[in-house]
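Reading through the structure tokens given below for one structure.
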Amino acid sequence: MRFTEAPLAGAFVVDAQRFGDARGFFSRTFCEREFRERGLNPRVAQANVSYNERRGTLRGMHYQRPPHAEAKLVRCTRGAIHDVIIDLRPGSATYLGHFAVRLDEDNRTMLYVPEGFAHGFLTLADGTEVTYQMSAEYSPDHGAGVRYDDPAFGIRWPEPVQVIVERDRTYPDFRP
């Protein structure tokens with residue numbers, strides 16, 4: 001795997017290296033040792049998948065508060081997404097910064113999202129499927145979020161939002 005540091009402290013774009021032959025290819029998408037060597041949380045406590053029927057579906061911007069903060073490894077296995085993270089760690093040099101990357105079924109790129117980051121995405125194709133490996137189990141009492149269009153972050157989405165749930169649309173303005 002190739003790990004490329006994202007502009008936000010602790011976040012990485014992860015590309016799986018392909019080993020091809022007449023059958024197709026083989027690629028490792030996770031290695032505890034390689035994550036640990038880079039100081040990343042390799043724990044996998046839960047694995048999730050989200051299926052999104054329509055292009056323009058926005059999910060996010062979600063995170064879990066301590067003590068249930070979670071790291072995520074996100075990959076788009078079908079379709080395409082504009083994946084966005086926000087650094088919400090007050091002591092971080094990249095506090096309130098955001099970063100976006102395209103994840104899709106062809107590039108097979110993954111995004112490692114550290115604890116203390118909000119995460120969300122906009123689907124760029126109908127029938128998009130996204131998988132997540134989580135370092136902590138979901139805790140409804142610790143779930144939180146920030147609004148995808150909050151001016152505090154200035155995120156530019158590549159397409160209009162077509163589908164969004166009420167909760168994600170109505171998070172209050174962020175106040176540090």
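Every chain in the structure tokens takes a letter, A first, then B, and so on in the order presented; its residues are numbered from 1, and the ligands are numbered from 1 following the presented order.
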Please provide as a PyMOL selection string all residues within 9 Å of Leu58 of chain A, with the sequence filter that same-chain residues fewer than 2 positions apart are discarded (counting only C-alpha atoms).
chain A and resi 55-56+60-61+120-123+148+161-165+168
May I have all residues of chain A that DSSP, computed from the backbone, assigns to strand (DSSP E), given as a ChimeraX atom specification?
/A:2-5,12-15,18-21,24-27,46-52,58-64,72-78,80-87,98-104,110-113,117-123,128-134,143-145
Please provide the set of residues having any atom within 8 Å of segment 50-53 of chain A, restricted to only C-alpha atoms, with same-chain residues fewer than 6 positions apart removed, written as a PyMOL selection string.
chain A and resi 123+126-131
Give me the segment 63-90 of chain A side of the contact with segment 113-116 of chain A, cut-off 10 Å, one line per residue showing its nearest atom pair and distance in Å at one decimal, counting only C-alpha atoms, sorted by chain and residue number, as a tab-separated table.
residue	atom	partner	partner_atom	distance
A:Tyr63	CA	A:Gly116	CA	7.1
A:Gln64	CA	A:Gly116	CA	7.6
A:Arg65	CA	A:Gly116	CA	7.5
A:Pro66	CA	A:Gly116	CA	8.4
A:His68	CA	A:Glu115	CA	9.1
A:Ala69	CA	A:Glu115	CA	5.4
A:Glu70	CA	A:Glu115	CA	4.8
A:Ala71	CA	A:Pro114	CA	4.5
A:Lys72	CA	A:Val113	CA	5.0
A:Leu73	CA	A:Val113	CA	6.2
A:Val74	CA	A:Val113	CA	7.8
A:Val84	CA	A:Val113	CA	9.7
A:Ile85	CA	A:Val113	CA	7.2
A:Ile86	CA	A:Gly116	CA	8.7
A:Asp87	CA	A:Gly116	CA	6.6
A:Leu88	CA	A:Gly116	CA	5.6
A:Arg89	CA	A:Gly116	CA	5.5
A:Pro90	CA	A:Gly116	CA	9.1
Tell me, as a ChimeraX atom specification, which residues lie within 10 Å of Asn107 of chain A, counting only C-alpha atoms; anything in the same chain fewer than 3 positions away does not count.
/A:15-16,75-77,80,102-104,110
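Between His98 of chain A and the residues A:Ala125, A:Ala152, A:Met1, A:Val13, the shortest atom-to-atom distance, using only C-alpha atoms, involves A:Ala152.
Counting only C-alpha atoms, the residue from A:Val44, A:Val101, A:Ala118, A:Leu111 that sits nearest to Phe153 of chain A is A:Ala118.
Within the 9 Å cut-off around Asp173 of chain A, using only C-alpha atoms and omitting residues fewer than 3 positions from it on the same chain, the listed residues are Val146, Arg147, Asp150, Pro151, Ala152 and Thr170 of chain A.
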I need the chosen residues saved as an mmCIF file, in the first residue's frame, with C-alpha atoms.
data_model
loop_
_atom_site.group_PDB
_atom_site.id
_atom_site.type_symbol
_atom_site.label_atom_id
_atom_site.label_comp_id
_atom_site.auth_asym_id
_atom_site.auth_seq_id
_atom_site.Cartn_x
_atom_site.Cartn_y
_atom_site.Cartn_z
ATOM 1 C CA VAL A 146 -21.500 19.658 11.736
ATOM 2 C CA ARG A 147 -23.433 21.072 8.808
ATOM 3 C CA ASP A 150 -21.526 25.737 7.433
ATOM 4 C CA PRO A 151 -19.627 28.929 6.490
ATOM 5 C CA ALA A 152 -17.106 28.187 9.270
ATOM 6 C CA THR A 170 -30.022 21.201 10.117
#
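Residues of chain A assigned to helix (DSSP H, G or I) by DSSP on this structure's backbone: Glu32, Arg33, Glu34, Phe35, Arg36, Glu37, Pro140, Asp141, His142, Glu166, Arg167, Asp168 and Arg169 of chain A.
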